[in-house]
file final-v6.pdb (PDB, C-alpha atoms)
ATOM      1  CA  MET W  22       0.000   0.000   0.000
ATOM      2  CA  SER W  23       1.366   3.424  -0.902
ATOM      3  CA  VAL W  24       2.027   6.082   1.714
ATOM      4  CA  THR W  25      -0.672   8.327   0.245
ATOM      5  CA  THR W  26      -3.191   5.476   0.401
ATOM      6  CA  GLU W  27      -2.240   4.794   4.030
ATOM      7  CA  LEU W  28      -2.620   8.472   4.959
ATOM      8  CA  ALA W  29      -5.956   8.715   3.136
ATOM      9  CA  GLU W  30      -7.237   5.552   4.858
ATOM     10  CA  LYS W  31      -6.163   6.843   8.259
ATOM     11  CA  LEU W  32      -8.004  10.128   7.644
ATOM     12  CA  LYS W  33     -11.071   8.236   6.435
ATOM     13  CA  SER W  34     -11.242   5.875   9.420
ATOM     14  CA  GLU W  35     -10.585   8.657  11.910
ATOM     15  CA  GLY W  36     -13.281  10.766  10.256
ATOM     16  CA  GLU W  37     -15.769   7.917  10.511
ATOM     17  CA  LYS W  38     -14.901   7.497  14.194
ATOM     18  CA  PHE W  39     -15.596  11.166  14.872
ATOM     19  CA  VAL W  40     -18.849  11.123  12.918
ATOM     20  CA  GLY W  41     -19.967   8.274  15.173
ATOM     21  CA  ILE W  42     -18.945  10.116  18.323
ATOM     22  CA  PHE W  43     -20.569  13.404  17.353
ATOM     23  CA  SER W  44     -23.712  11.686  16.021
ATOM     24  CA  ASN W  45     -24.434  10.168  19.419
ATOM     25  CA  LEU W  46     -24.186  13.315  21.515
ATOM     26  CA  THR W  47     -27.219  14.624  23.343
ATOM     27  CA  GLU W  48     -28.309  18.235  23.068
ATOM     28  CA  GLU W  49     -26.883  18.833  26.542
ATOM     29  CA  GLN W  50     -23.531  17.229  25.679
ATOM     30  CA  TRP W  51     -23.089  19.558  22.707
ATOM     31  CA  LYS W  52     -23.015  22.415  25.226
ATOM     32  CA  ALA W  53     -20.393  20.825  27.507
ATOM     33  CA  GLU W  54     -17.454  23.164  27.983
ATOM     34  CA  VAL W  55     -14.163  21.783  26.706
ATOM     35  CA  TYR W  56     -11.935  24.858  27.003
ATOM     36  CA  THR W  57     -12.531  27.574  29.575
ATOM     37  CA  GLU W  58      -9.418  29.748  29.350
ATOM     38  CA  GLY W  59      -9.984  32.815  27.219
ATOM     39  CA  THR W  60     -12.896  32.178  24.888
ATOM     40  CA  ILE W  61     -15.021  29.293  26.156
ATOM     41  CA  TRP W  62     -15.356  26.439  23.675
ATOM     42  CA  SER W  63     -18.090  23.850  23.919
ATOM     43  CA  ILE W  64     -18.080  20.522  22.113
ATOM     44  CA  ARG W  65     -20.014  22.286  19.345
ATOM     45  CA  ASN W  66     -17.159  24.794  19.036
ATOM     46  CA  VAL W  67     -14.647  21.953  18.778
ATOM     47  CA  LEU W  68     -16.573  20.435  15.866
ATOM     48  CA  SER W  69     -16.741  23.861  14.235
ATOM     49  CA  HIS W  70     -12.964  24.069  14.671
ATOM     50  CA  PHE W  71     -12.492  20.648  13.049
ATOM     51  CA  VAL W  72     -14.501  21.823  10.033
ATOM     52  CA  THR W  73     -12.961  25.250   9.550
ATOM     53  CA  SER W  74      -9.359  24.364  10.328
ATOM     54  CA  GLU W  75      -9.309  21.325   8.043
ATOM     55  CA  ARG W  76     -11.035  23.197   5.228
ATOM     56  CA  GLY W  77      -8.466  25.988   5.453
ATOM     57  CA  LEU W  78      -5.487  23.690   5.902
ATOM     58  CA  VAL W  79      -6.184  21.508   2.886
ATOM     59  CA  LYS W  80      -6.481  24.662   0.750
ATOM     60  CA  LEU W  81      -3.122  25.756   2.158
ATOM     61  CA  PHE W  82      -1.582  22.328   1.467
ATOM     62  CA  GLU W  83      -2.756  22.444  -2.147
ATOM     63  CA  SER W  84      -1.280  25.918  -2.515
ATOM     64  CA  ILE W  85       2.040  24.579  -1.211
ATOM     65  CA  ARG W  86       1.835  21.594  -3.565
ATOM     66  CA  LEU W  87       1.433  24.033  -6.453
ATOM     67  CA  GLY W  88       4.529  26.002  -5.418
ATOM     68  CA  GLY W  89       3.268  28.396  -2.760
ATOM     69  CA  LYS W  90       5.226  29.095   0.409
ATOM     70  CA  GLY W  91       2.413  28.304   2.853
ATOM     71  CA  ALA W  92       1.234  30.270   5.884
ATOM     72  CA  LYS W  93       2.667  33.723   6.416
ATOM     73  CA  GLU W  94       5.203  34.017   9.218
ATOM     74  CA  ASP W  95       2.945  36.421  11.112
ATOM     75  CA  PHE W  96      -0.127  34.165  10.789
ATOM     76  CA  SER W  97      -2.080  34.031  14.066
ATOM     77  CA  ILE W  98      -3.779  30.708  14.761
ATOM     78  CA  ASP W  99      -5.792  32.303  17.568
ATOM     79  CA  ARG W 100      -7.118  35.121  15.362
ATOM     80  CA  TYR W 101      -7.949  32.655  12.591
ATOM     81  CA  ASN W 102      -9.793  30.302  14.949
ATOM     82  CA  GLU W 103     -11.742  33.166  16.485
ATOM     83  CA  SER W 104     -12.808  34.492  13.069
ATOM     84  CA  GLN W 105     -13.876  31.017  11.956
ATOM     85  CA  GLN W 106     -15.937  30.470  15.113
ATOM     86  CA  GLU W 107     -17.711  33.735  14.338
ATOM     87  CA  LYS W 108     -18.477  32.550  10.779
ATOM     88  CA  THR W 109     -20.043  29.303  12.012
ATOM     89  CA  LYS W 110     -21.843  30.572  15.121
ATOM     90  CA  ASP W 111     -25.322  30.191  13.599
ATOM     91  CA  LEU W 112     -24.848  26.610  12.402
ATOM     92  CA  THR W 113     -26.481  23.804  14.351
ATOM     93  CA  PRO W 114     -24.468  20.784  15.468
ATOM     94  CA  ALA W 115     -26.231  18.725  12.767
ATOM     95  CA  GLU W 116     -25.215  21.245  10.078
ATOM     96  CA  LEU W 117     -21.634  21.266  11.356
ATOM     97  CA  LEU W 118     -21.561  17.479  11.336
ATOM     98  CA  GLU W 119     -22.652  17.429   7.692
ATOM     99  CA  GLN W 120     -19.942  19.945   6.871
ATOM    100  CA  TYR W 121     -17.400  17.831   8.745
ATOM    101  CA  LYS W 122     -18.347  14.775   6.698
ATOM    102  CA  GLU W 123     -17.931  16.762   3.483
ATOM    103  CA  VAL W 124     -14.652  18.406   4.513
ATOM    104  CA  ARG W 125     -13.146  15.101   5.620
ATOM    105  CA  ALA W 126     -14.294  13.322   2.448
ATOM    106  CA  ASN W 127     -12.652  16.094   0.409
ATOM    107  CA  SER W 128      -9.448  15.745   2.449
ATOM    108  CA  VAL W 129      -9.371  11.994   1.906
ATOM    109  CA  THR W 130      -9.864  12.455  -1.840
ATOM    110  CA  TRP W 131      -7.163  15.129  -1.993
ATOM    111  CA  VAL W 132      -4.626  13.019  -0.074
ATOM    112  CA  ALA W 133      -5.433   9.908  -2.133
ATOM    113  CA  GLY W 134      -4.652  11.917  -5.270
ATOM    114  CA  LEU W 135      -1.161  12.892  -4.119
ATOM    115  CA  ASN W 136       1.931  11.109  -5.332
ATOM    116  CA  GLU W 137       4.984  10.224  -3.254
ATOM    117  CA  GLU W 138       6.890  13.289  -4.519
ATOM    118  CA  ASP W 139       4.074  15.618  -3.423
ATOM    119  CA  LEU W 140       4.467  14.387   0.154
ATOM    120  CA  GLU W 141       8.042  15.700   0.275
ATOM    121  CA  ILE W 142       7.200  19.254  -0.857
ATOM    122  CA  LYS W 143       7.926  21.739   1.907
ATOM    123  CA  GLY W 144       6.036  24.819   2.987
ATOM    124  CA  ARG W 145       5.057  26.732   6.100
ATOM    125  CA  HIS W 146       2.358  25.164   8.258
ATOM    126  CA  PRO W 147       0.627  27.535  10.732
ATOM    127  CA  TYR W 148       1.693  25.405  13.712
ATOM    128  CA  LEU W 149       4.502  23.113  12.545
ATOM    129  CA  GLU W 150       6.299  25.893  10.658
ATOM    130  CA  VAL W 151       8.356  24.729   7.643
ATOM    131  CA  THR W 152       7.787  21.023   7.037
ATOM    132  CA  THR W 153       6.674  18.538   4.389
ATOM    133  CA  ILE W 154       3.156  17.975   3.130
ATOM    134  CA  ARG W 155       3.466  14.453   4.596
ATOM    135  CA  GLU W 156       3.870  15.894   8.108
ATOM    136  CA  MET W 157       1.092  18.403   7.506
ATOM    137  CA  VAL W 158      -1.326  15.632   6.521
ATOM    138  CA  LYS W 159      -0.358  13.599   9.592
ATOM    139  CA  MET W 160      -1.110  16.650  11.715
ATOM    140  CA  LEU W 161      -4.686  16.708  10.367
ATOM    141  CA  TYR W 162      -5.570  13.607  12.336
ATOM    142  CA  LEU W 163      -3.184  14.233  15.249
ATOM    143  CA  HIS W 164      -4.789  17.651  15.717
ATOM    144  CA  ASN W 165      -8.226  16.092  16.084
ATOM    145  CA  GLN W 166      -6.895  13.438  18.467
ATOM    146  CA  ILE W 167      -5.502  16.130  20.759
ATOM    147  CA  HIS W 168      -8.871  17.871  20.916
ATOM    148  CA  TYR W 169     -10.646  14.523  21.337
ATOM    149  CA  ARG W 170      -8.749  13.833  24.574
ATOM    150  CA  ASP W 171      -9.990  17.163  25.941
ATOM    151  CA  LEU W 172     -13.503  16.481  24.631
ATOM    152  CA  LYS W 173     -13.629  13.126  26.461
ATOM    153  CA  LYS W 174     -12.678  14.857  29.714
ATOM    154  CA  ALA W 175     -15.492  17.365  29.232
ATOM    155  CA  LEU W 176     -18.003  14.561  28.685
ATOM    156  CA  LYS W 177     -16.981  12.876  31.953
ATOM    157  CA  ASN W 178     -17.837  15.981  33.999
TER     158      ASN W 178
END
call {"tool": "encode", "arguments": {"input": "final-v6.pdb", "output": "structure tokens"}}
result
Amino acid sequence: MSVTTELAEKLKSEGEKFVGIFSNLTEEQWKAEVYTEGTIWSIRNVLSHFVTSERGLVKLFESIRLGGKGAKEDFSIDRYNESQQEKTKDLTPAELLEQYKEVRANSVTWVAGLNEEDLEIKGRHPYLEVTTIREMVKMLYLHNQIHYRDLKKALKN
């Protein structure tokens, strides 16, 4: 199995796992607070973050693949996340979940279409700084796993 196929499969299976998790939340659980420092984020906000960050990142990755440099050095993850939360504030959890399914399916398709050489192209990631597309793609699912740990803690409270 090629590396791109492995990465695409990992994204696909992780996406399916999260769809299952989010699909089974109660209305009350959607409101559970996950992050309380600074702007409070509920589980709904975390799903919104999954949607908006992945949508933006895959566009950035494609730009890098086509020869772009990537994120600007002065890019602020916090400002970006805040602006994206504002853009999605009126969406229901069900609408966000549908968007997540679409965004993840698009990511899987994009990754599956890469070749081995594409994975070694370097550019600036907003968090990882200058690295390869391979590492950027890996961070797509690692990023969600990090938030998932925090989400599980919020659901236990």
call {"tool": "residues_near_point", "arguments": {"input": "final-v6.pdb", "point": "(-8.4, 11.8, 5.2)", "cutoff": "7 Å", "atoms": "only C-alpha atoms", "output": "list in words"}}
result
Leu28, Ala29, Glu30, Lys31, Leu32, Lys33, Arg125, Ala126, Ser128, Val129 and Val132 of chain W
call {"tool": "residues_around", "arguments": {"input": "final-v6.pdb", "residues": "Tyr121 (chain W)", "least_positions_apart": "5", "cutoff": "8 Å", "atoms": "only C-alpha atoms", "output": "PDB file with C-alpha atoms, keeping the file's coordinate frame"}}
result
ATOM      1  CA  LEU W  68     -16.573  20.435  15.866  1.00  0.00           C
ATOM      2  CA  PHE W  71     -12.492  20.648  13.049  1.00  0.00           C
ATOM      3  CA  VAL W  72     -14.501  21.823  10.033  1.00  0.00           C
TER       4      VAL W  72
END
call {"tool": "residues_around", "arguments": {"input": "final-v6.pdb", "residues": "Thr57 (chain W)", "least_positions_apart": "4", "cutoff": "12 Å", "atoms": "all atoms listed in the file", "output": "short mmCIF file (atom, residue, chain, number, x, y, z; two decimals) with C-alpha atoms, keeping the file's coordinate frame"}}
result
data_model
loop_
_atom_site.label_atom_id
_atom_site.label_comp_id
_atom_site.auth_asym_id
_atom_site.auth_seq_id
_atom_site.Cartn_x
_atom_site.Cartn_y
_atom_site.Cartn_z
CA ALA W 53 -20.39 20.82 27.51
CA ILE W 61 -15.02 29.29 26.16
CA TRP W 62 -15.36 26.44 23.68
CA SER W 63 -18.09 23.85 23.92
CA ILE W 64 -18.08 20.52 22.11
CA ASN W 66 -17.16 24.79 19.04
CA ASP W 171 -9.99 17.16 25.94
CA ALA W 175 -15.49 17.36 29.23
#
call {"tool": "resolve_selection", "arguments": {"input": "final-v6.pdb", "expression": "the PyMOL selection byres ((chain W and resi 161-164) around 8)", "output": "ChimeraX atom specification"}}
result
/W:31-32,35,75,157-160,165-168
call {"tool": "residues_around", "arguments": {"input": "final-v6.pdb", "residues": "Leu87 (chain W)", "least_positions_apart": "6", "cutoff": "10 Å", "atoms": "only C-alpha atoms", "output": "ChimeraX atom specification"}}
result
/W:81,139,142
call {"tool": "axis_aligned_box", "arguments": {"input": "final-v6.pdb", "around": "region 27-42 of chain W", "padding_each_side": "3 Å", "output": "lines of an AutoDock Vina configuration file"}}
result
center_x = -11.1
center_y = 8.0
center_z = 10.7
size_x = 23.7
size_y = 12.4
size_z = 21.2
call {"tool": "residues_around", "arguments": {"input": "final-v6.pdb", "residues": "Leu117 (chain W)", "least_positions_apart": "2", "cutoff": "10 Å", "atoms": "all atoms listed in the file", "output": "MDAnalysis selection string"}}
result
chainID W and resid 43 65:66 68:73 109 111:115 119:123
call {"tool": "closest_residue", "arguments": {"input": "final-v6.pdb", "among": "W:Glu54, W:Leu172, W:Phe96, W:Val151", "to": "Phe39 (chain W)", "atoms": "only C-alpha atoms"}}
result
W:Leu172
call {"tool": "closest_residue", "arguments": {"input": "final-v6.pdb", "among": "W:Leu46, W:Val124, W:Leu140, W:Leu118", "to": "Ser74 (chain W)", "atoms": "all atoms listed in the file"}}
result
W:Val124
call {"tool": "closest_residue", "arguments": {"input": "final-v6.pdb", "among": "W:Glu103, W:Glu37, W:Glu94, W:Glu27", "to": "Glu137 (chain W)", "atoms": "all atoms listed in the file"}}
result
W:Glu27
call {"tool": "atom_distance", "arguments": {"input": "final-v6.pdb", "atom1": "CA of Leu149 (chain W)", "atom2": "CA of Lys108 (chain W)"}}
result
24.9 Å
call {"tool": "closest_residue", "arguments": {"input": "final-v6.pdb", "among": "W:Ala92, W:Val55, W:Val79, W:Leu176", "to": "Thr130 (chain W)", "atoms": "all atoms listed in the file"}}
result
W:Val79
call {"tool": "atom_distance", "arguments": {"input": "final-v6.pdb", "atom1": "CA of Thr26 (chain W)", "atom2": "CA of His146 (chain W)"}}
result
21.9 Å
call {"tool": "closest_residue", "arguments": {"input": "final-v6.pdb", "among": "W:Lys110, W:Val67, W:Ile85, W:Lys80", "to": "Arg170 (chain W)", "atoms": "only C-alpha atoms"}}
result
W:Val67
call {"tool": "closest_residue", "arguments": {"input": "final-v6.pdb", "among": "W:Lys174, W:Met22, W:Ile42, W:Tyr148", "to": "Ile98 (chain W)", "atoms": "only C-alpha atoms"}}
result
W:Tyr148
call {"tool": "atom_distance", "arguments": {"input": "final-v6.pdb", "atom1": "CA of Thr60 (chain W)", "atom2": "CA of Lys93 (chain W)"}}
result
24.2 Å
call {"tool": "build_atoms", "arguments": {"input": "final-v6.pdb", "residues": "region 25-36 of chain W", "atoms": "N, CA and C atoms", "output": "PDB file, in the coordinates of the input"}}
result
ATOM      1  N   THR W  25       0.504   7.462   0.404  1.00  0.00           N
ATOM      2  CA  THR W  25      -0.672   8.327   0.245  1.00  0.00           C
ATOM      3  C   THR W  25      -1.951   7.550   0.541  1.00  0.00           C
ATOM      4  N   THR W  26      -2.012   6.301   0.111  1.00  0.00           N
ATOM      5  CA  THR W  26      -3.191   5.476   0.401  1.00  0.00           C
ATOM      6  C   THR W  26      -3.322   5.251   1.906  1.00  0.00           C
ATOM      7  N   GLU W  27      -2.213   4.983   2.576  1.00  0.00           N
ATOM      8  CA  GLU W  27      -2.240   4.794   4.030  1.00  0.00           C
ATOM      9  C   GLU W  27      -2.728   6.052   4.743  1.00  0.00           C
ATOM     10  N   LEU W  28      -2.205   7.210   4.337  1.00  0.00           N
ATOM     11  CA  LEU W  28      -2.620   8.472   4.959  1.00  0.00           C
ATOM     12  C   LEU W  28      -4.103   8.738   4.710  1.00  0.00           C
ATOM     13  N   ALA W  29      -4.542   8.499   3.475  1.00  0.00           N
ATOM     14  CA  ALA W  29      -5.956   8.715   3.136  1.00  0.00           C
ATOM     15  C   ALA W  29      -6.849   7.782   3.951  1.00  0.00           C
ATOM     16  N   GLU W  30      -6.443   6.518   4.082  1.00  0.00           N
ATOM     17  CA  GLU W  30      -7.237   5.552   4.858  1.00  0.00           C
ATOM     18  C   GLU W  30      -7.299   5.944   6.332  1.00  0.00           C
ATOM     19  N   LYS W  31      -6.185   6.422   6.849  1.00  0.00           N
ATOM     20  CA  LYS W  31      -6.163   6.843   8.259  1.00  0.00           C
ATOM     21  C   LYS W  31      -7.119   8.032   8.474  1.00  0.00           C
ATOM     22  N   LEU W  32      -7.082   8.985   7.554  1.00  0.00           N
ATOM     23  CA  LEU W  32      -8.004  10.128   7.644  1.00  0.00           C
ATOM     24  C   LEU W  32      -9.459   9.663   7.541  1.00  0.00           C
ATOM     25  N   LYS W  33      -9.708   8.740   6.636  1.00  0.00           N
ATOM     26  CA  LYS W  33     -11.071   8.236   6.435  1.00  0.00           C
ATOM     27  C   LYS W  33     -11.578   7.533   7.691  1.00  0.00           C
ATOM     28  N   SER W  34     -10.781   6.623   8.240  1.00  0.00           N
ATOM     29  CA  SER W  34     -11.242   5.875   9.420  1.00  0.00           C
ATOM     30  C   SER W  34     -11.381   6.785  10.633  1.00  0.00           C
ATOM     31  N   GLU W  35     -10.467   7.731  10.789  1.00  0.00           N
ATOM     32  CA  GLU W  35     -10.585   8.657  11.910  1.00  0.00           C
ATOM     33  C   GLU W  35     -11.827   9.528  11.742  1.00  0.00           C
ATOM     34  N   GLY W  36     -12.086   9.961  10.520  1.00  0.00           N
ATOM     35  CA  GLY W  36     -13.281  10.766  10.256  1.00  0.00           C
ATOM     36  C   GLY W  36     -14.545  10.009  10.587  1.00  0.00           C
TER      37      GLY W  36
END
